[in-house]
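Printed here is start-v5.txt (compact mmCIF, C-alpha atoms):
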```txt
# COMPACT_ATOMS: atom_id res chain seq x y z
CA MET A 14 7.84 -9.21 -41.59
CA SER A 15 4.46 -10.47 -42.80
CA ALA A 16 2.16 -8.14 -44.73
CA LYS A 17 -0.74 -6.62 -42.81
CA ILE A 18 -4.15 -7.94 -43.92
CA PRO A 19 -6.62 -5.11 -44.61
CA ARG A 20 -9.60 -4.88 -42.27
CA ASN A 21 -12.27 -5.61 -44.91
CA PHE A 22 -10.37 -8.64 -46.28
CA LYS A 23 -10.15 -10.10 -42.80
CA LEU A 24 -13.85 -9.48 -42.13
CA LEU A 25 -14.82 -11.02 -45.48
CA GLU A 26 -12.87 -14.12 -44.51
CA GLU A 27 -14.69 -14.24 -41.16
CA LEU A 28 -18.04 -13.77 -42.92
CA GLU A 29 -17.34 -16.65 -45.28
CA LYS A 30 -16.45 -18.92 -42.37
CA GLY A 31 -19.66 -17.95 -40.56
CA GLU A 32 -21.86 -18.57 -43.62
CA LYS A 33 -20.26 -21.96 -44.29
CA GLY A 34 -20.60 -22.98 -40.64
CA GLN A 35 -16.87 -23.51 -40.20
CA GLY A 36 -16.17 -23.63 -36.48
CA ALA A 37 -17.85 -25.00 -33.41
CA GLU A 38 -21.27 -26.53 -34.01
CA ALA A 39 -22.67 -24.76 -30.94
CA CYS A 40 -21.83 -21.29 -32.30
CA SER A 41 -22.97 -19.28 -35.29
CA TYR A 42 -22.46 -15.69 -36.37
CA GLY A 43 -23.07 -13.32 -39.26
CA LEU A 44 -23.60 -9.67 -40.21
CA ALA A 45 -26.44 -7.86 -38.43
CA ASP A 46 -27.16 -5.88 -41.60
CA GLY A 47 -26.34 -7.35 -45.00
CA GLU A 48 -25.99 -3.85 -46.45
CA ASP A 49 -23.40 -2.79 -43.87
CA MET A 50 -20.45 -2.01 -46.17
CA MET A 51 -18.08 -1.53 -43.21
CA MET A 52 -19.09 -4.91 -41.72
CA SER A 53 -18.93 -3.43 -38.23
CA ASN A 54 -21.96 -4.97 -36.49
CA TRP A 55 -22.48 -8.74 -36.20
CA ASN A 56 -24.93 -11.06 -34.49
CA GLY A 57 -24.00 -14.34 -32.84
CA THR A 58 -25.72 -17.28 -31.18
CA ILE A 59 -24.20 -19.66 -28.63
CA LEU A 60 -25.78 -22.95 -27.55
CA GLY A 61 -25.16 -23.79 -23.91
CA PRO A 62 -22.58 -26.58 -23.55
CA PRO A 63 -23.91 -29.96 -22.44
CA HIS A 64 -23.35 -31.28 -18.93
CA SER A 65 -23.26 -27.73 -17.52
CA VAL A 66 -25.66 -25.21 -15.98
CA HIS A 67 -25.96 -23.65 -19.47
CA GLU A 68 -27.21 -26.85 -21.15
CA ASN A 69 -30.22 -26.39 -23.49
CA ARG A 70 -29.91 -22.61 -23.29
CA ILE A 71 -29.47 -20.25 -26.27
CA TYR A 72 -27.52 -17.03 -25.81
CA SER A 73 -27.57 -14.12 -28.28
CA VAL A 74 -24.66 -11.72 -28.57
CA ASN A 75 -23.83 -8.54 -30.47
CA ILE A 76 -20.32 -8.24 -31.92
CA HIS A 77 -18.87 -4.88 -32.97
CA CYS A 78 -15.66 -4.75 -35.04
CA GLY A 79 -14.16 -1.29 -34.73
CA PRO A 80 -12.04 0.61 -37.27
CA ASP A 81 -8.83 -0.81 -35.72
CA TYR A 82 -9.86 -4.42 -36.27
CA PRO A 83 -8.03 -6.85 -36.44
CA ASP A 84 -5.31 -4.96 -34.49
CA ASN A 85 -7.81 -4.62 -31.64
CA PRO A 86 -10.28 -7.37 -30.75
CA PRO A 87 -14.03 -6.87 -31.30
CA GLU A 88 -16.43 -5.78 -28.57
CA ILE A 89 -18.87 -8.50 -27.49
CA GLN A 90 -22.12 -7.83 -25.63
CA PHE A 91 -24.54 -10.50 -24.44
CA ILE A 92 -28.17 -9.70 -25.26
CA SER A 93 -29.40 -12.71 -23.28
CA ARG A 94 -28.89 -12.62 -19.56
CA VAL A 95 -26.02 -14.90 -18.55
CA ASN A 96 -24.16 -15.50 -15.29
CA LEU A 97 -20.47 -15.59 -16.17
CA PRO A 98 -17.50 -14.04 -14.32
CA CYS A 99 -16.25 -12.44 -17.54
CA VAL A 100 -19.58 -10.73 -18.34
CA ASP A 101 -20.78 -7.48 -16.74
CA GLN A 102 -24.19 -8.25 -15.23
CA ARG A 103 -25.47 -4.71 -15.85
CA THR A 104 -24.36 -4.08 -19.44
CA GLY A 105 -23.79 -7.64 -20.68
CA LYS A 106 -20.41 -6.60 -22.10
CA PHE A 107 -17.76 -9.26 -22.39
CA GLN A 108 -14.36 -8.40 -20.93
CA LYS A 109 -11.75 -8.27 -23.66
CA TYR A 110 -9.14 -10.98 -23.88
CA LYS A 111 -6.13 -9.67 -25.78
CA LYS A 112 -5.24 -13.01 -27.35
CA LEU A 113 -8.60 -13.32 -29.10
CA GLN A 114 -8.20 -11.19 -32.22
CA SER A 115 -11.17 -12.36 -34.30
CA PRO A 116 -14.63 -13.98 -34.04
CA SER A 117 -13.22 -17.27 -35.33
CA GLN A 118 -10.64 -17.31 -32.57
CA ALA A 119 -13.40 -16.68 -30.04
CA VAL A 120 -15.35 -19.58 -31.53
CA ASN A 121 -12.32 -21.86 -31.33
CA ALA A 122 -11.77 -20.86 -27.70
CA LEU A 123 -15.37 -21.73 -26.87
CA LYS A 124 -15.03 -25.01 -28.78
CA ALA A 125 -12.02 -25.92 -26.66
CA GLY A 126 -14.09 -25.19 -23.54
CA TYR A 127 -16.87 -27.46 -24.73
CA GLU A 128 -14.40 -30.26 -25.45
CA ALA A 129 -12.96 -29.89 -21.95
CA LEU A 130 -16.45 -30.19 -20.44
CA ASP A 131 -17.15 -33.32 -22.52
CA LEU A 132 -13.84 -34.81 -21.40
CA LEU A 133 -14.61 -34.16 -17.72
CA HIS A 134 -18.14 -35.58 -18.07
CA SER A 135 -16.87 -38.72 -19.79
CA ALA A 136 -14.24 -39.25 -17.10
CA SER A 137 -16.86 -38.84 -14.37
CA GLN A 138 -18.86 -41.64 -16.04
CA GLY A 139 -15.91 -44.04 -15.68
CA ASN A 140 -14.15 -43.69 -19.05
CA GLN A 141 -10.60 -44.71 -18.14
CA ARG A 142 -9.10 -43.44 -21.39
CA ASN A 143 -10.39 -39.92 -20.83
CA THR A 144 -9.36 -40.08 -17.18
CA ASN A 145 -5.79 -40.88 -18.26
CA ARG A 146 -5.97 -38.03 -20.78
CA ILE A 147 -6.91 -35.57 -18.01
CA VAL A 148 -3.98 -36.80 -15.90
CA GLU A 149 -1.65 -36.28 -18.87
CA LEU A 150 -2.96 -32.74 -19.44
CA ILE A 151 -2.49 -31.82 -15.77
CA SER A 152 1.07 -33.21 -15.89
CA GLU A 153 1.82 -31.19 -19.03
CA ILE A 154 0.45 -28.00 -17.47
CA GLN A 155 2.59 -28.50 -14.36
CA SER A 156 5.64 -29.08 -16.53
CA ILE A 157 4.95 -25.88 -18.50
CA LYS A 158 4.53 -23.89 -15.28
CA GLN A 159 7.82 -25.25 -13.94
CA ARG A 160 9.65 -24.24 -17.13
CA GLU A 161 8.11 -20.77 -17.01
CA SER A 162 9.08 -20.39 -13.35
CA ALA A 163 12.65 -21.46 -14.11
CA LEU A 164 12.78 -18.95 -16.97
CA GLN A 165 11.49 -16.16 -14.71
CA ARG A 166 14.12 -17.00 -12.10
CA GLU A 167 16.84 -16.82 -14.73
CA LEU A 168 15.58 -13.47 -15.95
CA SER A 169 15.41 -12.12 -12.40
CA LYS A 170 19.10 -12.94 -11.81
CA LYS A 171 20.23 -9.95 -13.83
CA GLU A 172 22.08 -7.21 -12.01
CA PRO A 173 19.77 -5.05 -9.88
CA LYS A 174 19.10 -1.52 -11.03
CA PRO A 175 21.31 0.99 -9.20
CA LEU A 176 19.53 3.01 -6.55
CA SER A 177 18.77 6.64 -7.19
CA ARG A 178 20.20 9.39 -5.02
CA LYS A 179 16.92 9.67 -3.12
CA GLN A 180 16.74 5.89 -2.57
CA GLU A 181 20.34 5.83 -1.35
CA LYS A 182 19.55 8.59 1.12
CA THR A 183 16.46 6.73 2.36
CA LYS A 184 18.44 3.49 2.73
CA GLU A 185 21.17 5.26 4.71
CA ALA A 186 18.57 6.89 6.98
CA ARG A 187 16.98 3.50 7.71
CA ARG A 188 20.38 1.98 8.44
CA LEU A 189 21.13 4.77 10.90
CA GLN A 190 17.74 4.32 12.57
CA ASP A 191 18.43 0.61 13.04
CA GLN A 192 21.87 1.34 14.51
CA THR A 193 20.51 3.92 16.96
CA ALA A 194 17.45 1.97 18.09
CA ARG A 195 19.11 1.45 21.50
CA ARG A 196 21.26 3.75 23.57
CA HIS A 197 24.96 2.93 23.37
CA PRO A 198 26.24 1.55 26.70
CA ASP A 199 29.23 3.94 26.65
CA ALA A 200 27.18 6.99 25.70
CA THR A 201 27.62 10.05 27.95
CA SER A 202 25.01 12.60 28.94
CA ILE A 203 24.43 15.42 26.49
CA LEU A 204 24.98 17.85 29.36
CA SER A 205 28.59 16.61 29.68
CA ARG A 206 29.37 18.69 26.60
CA PRO A 207 31.21 20.59 25.35
CA ARG A 208 34.05 18.22 24.70
CA PRO A 209 37.39 19.98 24.87
CA VAL A 210 38.85 18.14 21.89
CA VAL A 211 37.04 16.63 18.90
CA SER A 212 38.24 14.89 15.75
CA GLY A 213 37.42 16.84 12.63
CA LYS A 214 35.16 19.86 12.52
CA ARG A 215 33.18 20.58 15.69
CA ARG A 216 29.42 20.13 15.33
CA VAL A 217 27.50 22.80 17.20
CA PRO A 218 24.19 21.33 18.45
CA VAL A 219 20.85 23.02 17.87
CA LEU A 220 18.36 23.44 20.71
CA VAL A 221 14.96 22.15 19.59
CA ASN A 222 11.60 22.44 21.36
CA ALA A 223 9.38 19.42 20.72
CA ARG A 224 6.05 20.66 22.13
CA GLY A 225 7.64 21.57 25.45
CA VAL A 226 10.27 18.82 25.53
CA PRO A 227 13.76 20.25 24.83
CA PHE A 228 16.56 18.29 23.19
CA LEU A 229 19.83 18.94 21.39
CA ARG A 230 20.07 17.90 17.78
CA ILE A 231 23.63 17.17 16.70
CA LYS A 232 22.80 16.03 13.16
CA LYS A 233 19.95 14.72 11.05
CA PRO A 234 18.36 12.26 11.15
CA GLN A 235 18.23 12.11 14.92
CA PRO A 236 18.85 8.76 16.69
CA LYS A 237 15.88 6.43 16.96
CA ASN A 238 16.27 6.02 20.73
CA LEU A 239 16.09 9.82 21.15
CA SER A 240 12.86 9.91 19.14
CA GLY A 241 11.47 7.17 21.41
CA VAL A 242 12.34 9.12 24.58
CA ILE A 243 10.72 12.31 23.26
CA ARG A 244 7.61 10.41 22.18
CA SER A 245 7.32 8.74 25.59
CA LYS A 246 7.59 12.09 27.43
CA LEU A 247 4.98 13.69 25.20
CA GLU A 248 2.58 10.77 25.62
CA ASN A 249 2.96 10.87 29.43
CA ARG A 250 2.32 14.62 29.52
CA TRP A 251 -0.71 14.33 27.24
CA SER A 252 -2.09 11.48 29.36
CA ARG A 253 -1.86 13.69 32.46
CA ILE A 254 -3.60 16.57 30.67
CA GLU A 255 -6.44 14.30 29.56
CA ARG A 256 -6.79 12.97 33.12
CA ARG A 257 -6.86 16.54 34.45
CA ASP A 258 -9.70 17.39 32.06
CA ARG A 259 -11.65 14.34 33.24
CA LEU A 260 -11.15 15.35 36.89
CA ASP A 261 -12.37 18.88 36.11
CA ARG A 262 -15.59 17.41 34.74
CA GLU A 263 -15.93 15.01 37.67
CA LEU A 264 -15.50 17.94 40.07
CA LEU A 265 -18.73 19.46 38.76
CA PHE A 266 -20.63 16.24 39.49
CA ALA A 267 -18.96 16.01 42.91
CA ASN A 268 -20.19 19.53 43.78
CA ASP A 269 -23.72 18.50 42.82
CA GLU A 270 -23.45 15.42 45.06
CA ASP A 271 -22.23 17.52 48.01
CA ASN A 272 -25.09 20.01 47.53
CA TRP A 273 -27.58 17.14 47.49
CA ASP A 274 -26.09 15.63 50.65
CA ALA A 275 -26.27 19.02 52.36
CA LEU A 276 -29.97 19.27 51.56
CA THR A 277 -30.85 15.72 52.60
CA THR A 278 -28.49 14.67 55.44
CA GLY A 279 -26.60 17.84 56.26
CA SER A 280 -22.93 18.64 55.72
CA GLU A 281 -20.41 15.81 56.11
CA SER A 282 -16.71 15.86 56.89
CA ASP A 283 -15.83 13.59 53.97
CA THR A 284 -17.16 15.27 50.85
CA TRP A 285 -17.27 14.09 47.25
CA THR A 286 -15.21 17.04 46.10
CA LYS A 287 -12.37 16.42 48.58
CA GLY A 288 -11.12 13.26 46.85
CA VAL A 289 -11.41 14.80 43.39
CA LYS A 290 -9.61 17.99 44.48
CA ASP A 291 -6.80 15.98 46.11
CA ALA A 292 -6.29 13.95 42.93
CA LEU A 293 -6.47 17.13 40.83
CA GLY A 294 -3.93 18.88 43.03
CA THR A 295 -1.50 15.95 42.82
CA LEU A 296 -1.88 15.80 39.06
CA ASN A 297 -1.34 19.56 38.61
CA GLN A 298 1.78 19.33 40.75
CA GLN A 299 3.12 16.50 38.59
CA ILE A 300 2.51 18.55 35.42
CA HIS A 301 4.12 21.61 37.02
CA ASP A 302 7.18 19.63 38.17
CA SER A 303 7.57 18.09 34.72
CA ASP A 304 7.33 21.48 32.99
CA LYS A 305 9.79 23.00 35.48
CA LYS A 306 12.24 20.18 34.86
CA ASN A 307 11.95 20.74 31.11
CA ILE A 308 12.64 24.47 31.56
CA GLU A 309 15.72 23.73 33.67
CA LEU A 310 16.87 21.17 31.10
CA ALA A 311 16.40 23.69 28.28
CA GLU A 312 18.48 26.29 30.16
CA ALA A 313 21.26 23.75 30.74
CA MET A 314 21.19 22.70 27.09
CA TRP A 315 21.35 26.34 25.97
CA LYS A 316 24.53 26.77 28.02
CA VAL A 317 25.96 23.76 26.17
CA VAL A 318 25.08 25.37 22.83
CA LEU A 319 26.77 28.65 23.81
CA ALA A 320 29.88 26.84 25.02
CA GLU A 321 30.04 24.76 21.82
CA ARG A 322 29.70 27.91 19.72
CA LYS A 323 32.54 29.58 21.59
CA LEU A 324 34.84 26.58 21.19
CA ALA A 325 33.95 26.29 17.48
CA ALA A 326 34.75 29.97 16.95
CA ASP A 327 38.06 29.65 18.84
CA GLU A 328 39.05 26.58 16.82
CA GLU A 329 38.26 28.34 13.53
CA LYS A 330 40.30 31.35 14.63
CA GLN A 331 43.22 29.11 15.59
CA LYS A 332 43.12 27.31 12.24
CA SER A 333 43.16 30.62 10.36
CA THR A 334 46.23 31.81 12.27
CA GLU A 335 48.08 28.52 11.68
CA LYS A 336 47.72 28.78 7.88
CA PRO A 337 51.00 29.91 6.24
CA SER A 338 50.81 33.41 4.83
CA ASP A 339 51.32 33.91 1.12
CA THR A 340 54.81 35.11 0.23
```
Translate this structure into C-alpha cells?
Amino acid sequence: MSAKIPRNFKLLEELEKGEKGQGAEACSYGLADGEDMMMSNWNGTILGPPHSVHENRIYSVNIHCGPDYPDNPPEIQFISRVNLPCVDQRTGKFQKYKKLQSPSQAVNALKAGYEALDLLHSASQGNQRNTNRIVELISEIQSIKQRESALQRELSKKEPKPLSRKQEKTKEARRLQDQTARRHPDATSILSRPRPVVSGKRRVPVLVNARGVPFLRIKKPQPKNLSGVIRSKLENRWSRIERRDRLDRELLFANDEDNWDALTTGSESDTWTKGVKDALGTLNQQIHDSDKKNIELAEAMWKVVLAERKLAADEEKQKSTEKPSDT
C-alpha cells in the first residue's frame, strides 16, 4: 500500500507546476493569495480552444481545495460566463468529476480535449493521416466497449439472489392471478355448494359485500376472473346512477320547456317531461331489479355459508370420535 501524500505537499507540487508553466499552454493557475498558508484558494485562466465557439475567449475560474484534498477533488467555479453543459449557468460552478483529483489532472484533461479538437479540424481540412488516426481511435473505443460488455455479461451470470419471503409471496400471488384470469370450463356455480365430500380440510367460504355486490371468498387472493366480474357489475351500476343524476337535471329543464310551451302555444299532449320521466322510470327499475337480484344472491350465498359451517362442524366432530382413546 502506497504512503498517503500530505495535503500541503501535494499542493506545493501543484503550485510548482503552475509557476513553471508545466501543463497545457492554454491554461494557467496559481494561488489567489500568496500569503495563504493553507493554499486553499486558487485562480485559473483558460484560453478558448481554437476551431471552436470558444476560440479567442479567455475564461477565469476560482479553484478551492478543501481540507480533504487530494482525497476529494477541488471545487471549480467559472467567474466568466460560459455556456457548457457541465457548468451551472446561475452559479458558474463546475460539476465534479470524481476521476479528476488535482488541478494538474484537470489541465491534462483539458489538454486532451484541445488535441481532439485540433485532430478533428485537421481531418476536416483533408489531412489523411489524421483522418486515419480518428478511424483507429473509434475502432479502439468500440473494441473497449465490446470487452466491457462481455465482462459485464460474465459478471451477470452469477447465481441470482434468492427471493425474500415477501417476494416469494408476491410471485405466488401473481402466478395465481395469471392462472385464474379466465373461468375454468368445468367450474360449477358457487350456489351448487356445499359439496358433500371434500379432500382435506373443508374450507368454509366467507360472504363479502363489495359495495352492494355479494360474493363468496373461499381463499385469498381471490381469482382474477372473479375480480373482473365484480368490477364489471360495479361499473355498470355506477354508470346507471350517473345517468339517473343526469336525467334528474334534465327533468328540471324539461319542466321549464313545458311551462314555456303552455304560456306560448298552450298545453300539448307530447310534453318534454314525458320522455325524460319514461327514461328515468326505466332506469330506476333497472337499478331496483339489479339491487333485488343482489339481495337474493346474498341470501342464497348465506345459506351456502351456513350449510358449509354445519358440514365442517360435523366433520370435525366425526374426526374427534374416530381418534383412538389413550389407554
So how many Å separate atom CA of A:Arg188 and atom CA of A:Ile231, to one decimal?
->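 Value for the atom CA of A:Arg188-atom CA of A:Ile231 distance: 17.6 Å.
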Residues at most 12 Å from A:Pro236, counting all atoms listed in the file, excluding those fewer than 5 positions away in the same chain, as a PDB file with C-alpha atoms, in the frame of the given file?
```pdb
ATOM      1  CA  ALA A 186      18.570   6.890   6.980  1.00  0.00           C
ATOM      2  CA  ARG A 187      16.980   3.500   7.710  1.00  0.00           C
ATOM      3  CA  ARG A 188      20.380   1.980   8.440  1.00  0.00           C
ATOM      4  CA  LEU A 189      21.130   4.770  10.900  1.00  0.00           C
ATOM      5  CA  GLN A 190      17.740   4.320  12.570  1.00  0.00           C
ATOM      6  CA  ASP A 191      18.430   0.610  13.040  1.00  0.00           C
ATOM      7  CA  GLN A 192      21.870   1.340  14.510  1.00  0.00           C
ATOM      8  CA  THR A 193      20.510   3.920  16.960  1.00  0.00           C
ATOM      9  CA  ALA A 194      17.450   1.970  18.090  1.00  0.00           C
ATOM     10  CA  ARG A 195      19.110   1.450  21.500  1.00  0.00           C
ATOM     11  CA  ARG A 196      21.260   3.750  23.570  1.00  0.00           C
ATOM     12  CA  HIS A 197      24.960   2.930  23.370  1.00  0.00           C
ATOM     13  CA  PHE A 228      16.560  18.290  23.190  1.00  0.00           C
ATOM     14  CA  LEU A 229      19.830  18.940  21.390  1.00  0.00           C
ATOM     15  CA  ARG A 230      20.070  17.900  17.780  1.00  0.00           C
ATOM     16  CA  ILE A 231      23.630  17.170  16.700  1.00  0.00           C
ATOM     17  CA  GLY A 241      11.470   7.170  21.410  1.00  0.00           C
ATOM     18  CA  VAL A 242      12.340   9.120  24.580  1.00  0.00           C
ATOM     19  CA  ILE A 243      10.720  12.310  23.260  1.00  0.00           C
TER      20      ILE A 243
END
```
Exercise: stretch 87-102 of chain A partners within 7 Å, all atoms listed in the file, chain neighbours under 4 positions left out, as a ChimeraX atom specification = /A:72-79,82,106-108,115
Taking only C-alpha atoms into account, which of A:His64, A:Pro218, A:Lys179, A:Arg259 comes nearest A:Gln138?
-> A:His64
List the residues sitting within 7 Å of (34.5, 22.1, 19.0) in the file's frame, using only C-alpha atoms, as an mmCIF file with C-alpha atoms, keeping the file's coordinate frame.
```cif
data_model
loop_
_atom_site.group_PDB
_atom_site.id
_atom_site.type_symbol
_atom_site.label_atom_id
_atom_site.label_comp_id
_atom_site.auth_asym_id
_atom_site.auth_seq_id
_atom_site.Cartn_x
_atom_site.Cartn_y
_atom_site.Cartn_z
ATOM 1 C CA ARG A 208 34.050 18.220 24.700
ATOM 2 C CA PRO A 209 37.390 19.980 24.870
ATOM 3 C CA VAL A 210 38.850 18.140 21.890
ATOM 4 C CA VAL A 211 37.040 16.630 18.900
ATOM 5 C CA LYS A 214 35.160 19.860 12.520
ATOM 6 C CA ARG A 215 33.180 20.580 15.690
ATOM 7 C CA ARG A 216 29.420 20.130 15.330
ATOM 8 C CA GLU A 321 30.040 24.760 21.820
ATOM 9 C CA LEU A 324 34.840 26.580 21.190
ATOM 10 C CA ALA A 325 33.950 26.290 17.480
ATOM 11 C CA GLU A 328 39.050 26.580 16.820
#
```
Near A:Asp283, counting all atoms listed in the file, which residues have an atom at most 12 Å away, once you skip same-chain residues fewer than 6 positions from it, shown as a list in words?
->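 Selected residues are Ala267, Glu270, Asp271, Asp274, Ala275 and Val289 of chain A.
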Preceding selection exported with C-alpha atoms as an mmCIF file, in the coordinates of the input:
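See again28.cif below for the written result:
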```cif
data_model
loop_
_atom_site.group_PDB
_atom_site.id
_atom_site.type_symbol
_atom_site.label_atom_id
_atom_site.label_comp_id
_atom_site.auth_asym_id
_atom_site.auth_seq_id
_atom_site.Cartn_x
_atom_site.Cartn_y
_atom_site.Cartn_z
ATOM 1 C CA ALA A 267 -18.960 16.010 42.910
ATOM 2 C CA GLU A 270 -23.450 15.420 45.060
ATOM 3 C CA ASP A 271 -22.230 17.520 48.010
ATOM 4 C CA ASP A 274 -26.090 15.630 50.650
ATOM 5 C CA ALA A 275 -26.270 19.020 52.360
ATOM 6 C CA VAL A 289 -11.410 14.800 43.390
#
```
Can you work out which one of A:Gln298, A:Val219, A:Glu38, A:Pro173 has the shortest atom-to-atom distance to A:Leu319, counting all atoms listed in the file?
->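 Of the candidates, the smallest distance to A:Leu319 is held by A:Val219.
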Take atom CA of A:Thr201 and atom CA of A:Asn222 and report the distance between them in Å, one decimal.
->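 Atom CA of A:Thr201 sits 21.3 Å away from atom CA of A:Asn222.
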Between A:Asp327, A:Arg142, A:Trp285, A:Ile254, which one has atoms that come closest to A:His301, using all atoms listed in the file?
->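 The answer is A:Ile254, which sits nearest to A:His301.
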Find the distance between atom CA of A:Leu220 and atom CA of A:Ala200 and write it in Å to one decimal.
-> 19.3 Å
Mind listing as a PDB file with C-alpha atoms, in the coordinates of the input all residues within 12 Å of (-23.3, -28.0, -17.0), counting only C-alpha atoms?
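Dumped to part_8.pdb:
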```pdb
ATOM      1  CA  LEU A  60     -25.780 -22.950 -27.550  1.00  0.00           C
ATOM      2  CA  GLY A  61     -25.160 -23.790 -23.910  1.00  0.00           C
ATOM      3  CA  PRO A  62     -22.580 -26.580 -23.550  1.00  0.00           C
ATOM      4  CA  PRO A  63     -23.910 -29.960 -22.440  1.00  0.00           C
ATOM      5  CA  HIS A  64     -23.350 -31.280 -18.930  1.00  0.00           C
ATOM      6  CA  SER A  65     -23.260 -27.730 -17.520  1.00  0.00           C
ATOM      7  CA  VAL A  66     -25.660 -25.210 -15.980  1.00  0.00           C
ATOM      8  CA  HIS A  67     -25.960 -23.650 -19.470  1.00  0.00           C
ATOM      9  CA  GLU A  68     -27.210 -26.850 -21.150  1.00  0.00           C
ATOM     10  CA  ASN A  69     -30.220 -26.390 -23.490  1.00  0.00           C
ATOM     11  CA  ARG A  70     -29.910 -22.610 -23.290  1.00  0.00           C
ATOM     12  CA  GLY A 126     -14.090 -25.190 -23.540  1.00  0.00           C
ATOM     13  CA  TYR A 127     -16.870 -27.460 -24.730  1.00  0.00           C
ATOM     14  CA  ALA A 129     -12.960 -29.890 -21.950  1.00  0.00           C
ATOM     15  CA  LEU A 130     -16.450 -30.190 -20.440  1.00  0.00           C
ATOM     16  CA  ASP A 131     -17.150 -33.320 -22.520  1.00  0.00           C
ATOM     17  CA  LEU A 133     -14.610 -34.160 -17.720  1.00  0.00           C
ATOM     18  CA  HIS A 134     -18.140 -35.580 -18.070  1.00  0.00           C
TER      19      HIS A 134
END
```
Which of these residues is nearest to A:Arg206, using only C-alpha atoms: A:Leu168, A:Gln155, A:Lys316, A:Asn121?
->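 Going through A:Leu168, A:Gln155, A:Lys316, A:Asn121 one by one, the smallest distance to A:Arg206 is for A:Lys316.
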Can you put all heavy atoms back into stretch 88-93 of chain A and show it as a short mmCIF file (atom, residue, chain, number, x, y, z; two decimals), in the frame of the given file?
```
data_model
loop_
_atom_site.label_atom_id
_atom_site.label_comp_id
_atom_site.auth_asym_id
_atom_site.auth_seq_id
_atom_site.Cartn_x
_atom_site.Cartn_y
_atom_site.Cartn_z
N GLU A 88 -15.67 -5.91 -29.81
CA GLU A 88 -16.43 -5.78 -28.57
C GLU A 88 -17.62 -6.73 -28.62
O GLU A 88 -18.35 -6.76 -29.61
CB GLU A 88 -16.92 -4.34 -28.39
CG GLU A 88 -15.79 -3.33 -28.21
CD GLU A 88 -16.33 -1.92 -28.04
OE1 GLU A 88 -17.57 -1.76 -28.07
OE2 GLU A 88 -15.51 -1.00 -27.89
N ILE A 89 -17.79 -7.50 -27.55
CA ILE A 89 -18.87 -8.50 -27.49
C ILE A 89 -19.81 -8.14 -26.35
O ILE A 89 -19.36 -7.86 -25.23
CB ILE A 89 -18.30 -9.92 -27.29
CG1 ILE A 89 -17.37 -10.28 -28.45
CG2 ILE A 89 -19.42 -10.94 -27.17
CD1 ILE A 89 -16.70 -11.62 -28.31
N GLN A 90 -21.11 -8.14 -26.63
CA GLN A 90 -22.12 -7.83 -25.63
C GLN A 90 -23.22 -8.88 -25.66
O GLN A 90 -23.81 -9.13 -26.72
CB GLN A 90 -22.70 -6.44 -25.86
CG GLN A 90 -23.74 -6.03 -24.81
CD GLN A 90 -24.27 -4.64 -25.06
OE1 GLN A 90 -24.09 -4.09 -26.15
NE2 GLN A 90 -24.95 -4.07 -24.08
N PHE A 91 -23.48 -9.50 -24.53
CA PHE A 91 -24.54 -10.50 -24.44
C PHE A 91 -25.90 -9.81 -24.38
O PHE A 91 -26.13 -8.92 -23.55
CB PHE A 91 -24.35 -11.36 -23.19
CG PHE A 91 -23.39 -12.51 -23.39
CD1 PHE A 91 -22.02 -12.31 -23.35
CD2 PHE A 91 -23.87 -13.79 -23.62
CE1 PHE A 91 -21.14 -13.35 -23.54
CE2 PHE A 91 -23.00 -14.85 -23.82
CZ PHE A 91 -21.63 -14.64 -23.78
N ILE A 92 -26.79 -10.19 -25.29
CA ILE A 92 -28.17 -9.70 -25.26
C ILE A 92 -28.97 -10.51 -24.26
O ILE A 92 -29.79 -9.98 -23.51
CB ILE A 92 -28.80 -9.77 -26.65
CG1 ILE A 92 -27.94 -8.99 -27.66
CG2 ILE A 92 -30.21 -9.22 -26.63
CD1 ILE A 92 -27.71 -7.55 -27.30
N SER A 93 -28.75 -11.83 -24.26
CA SER A 93 -29.40 -12.71 -23.28
C SER A 93 -28.69 -12.58 -21.94
O SER A 93 -27.48 -12.36 -21.87
CB SER A 93 -29.35 -14.17 -23.75
OG SER A 93 -29.86 -14.29 -25.07
#
```
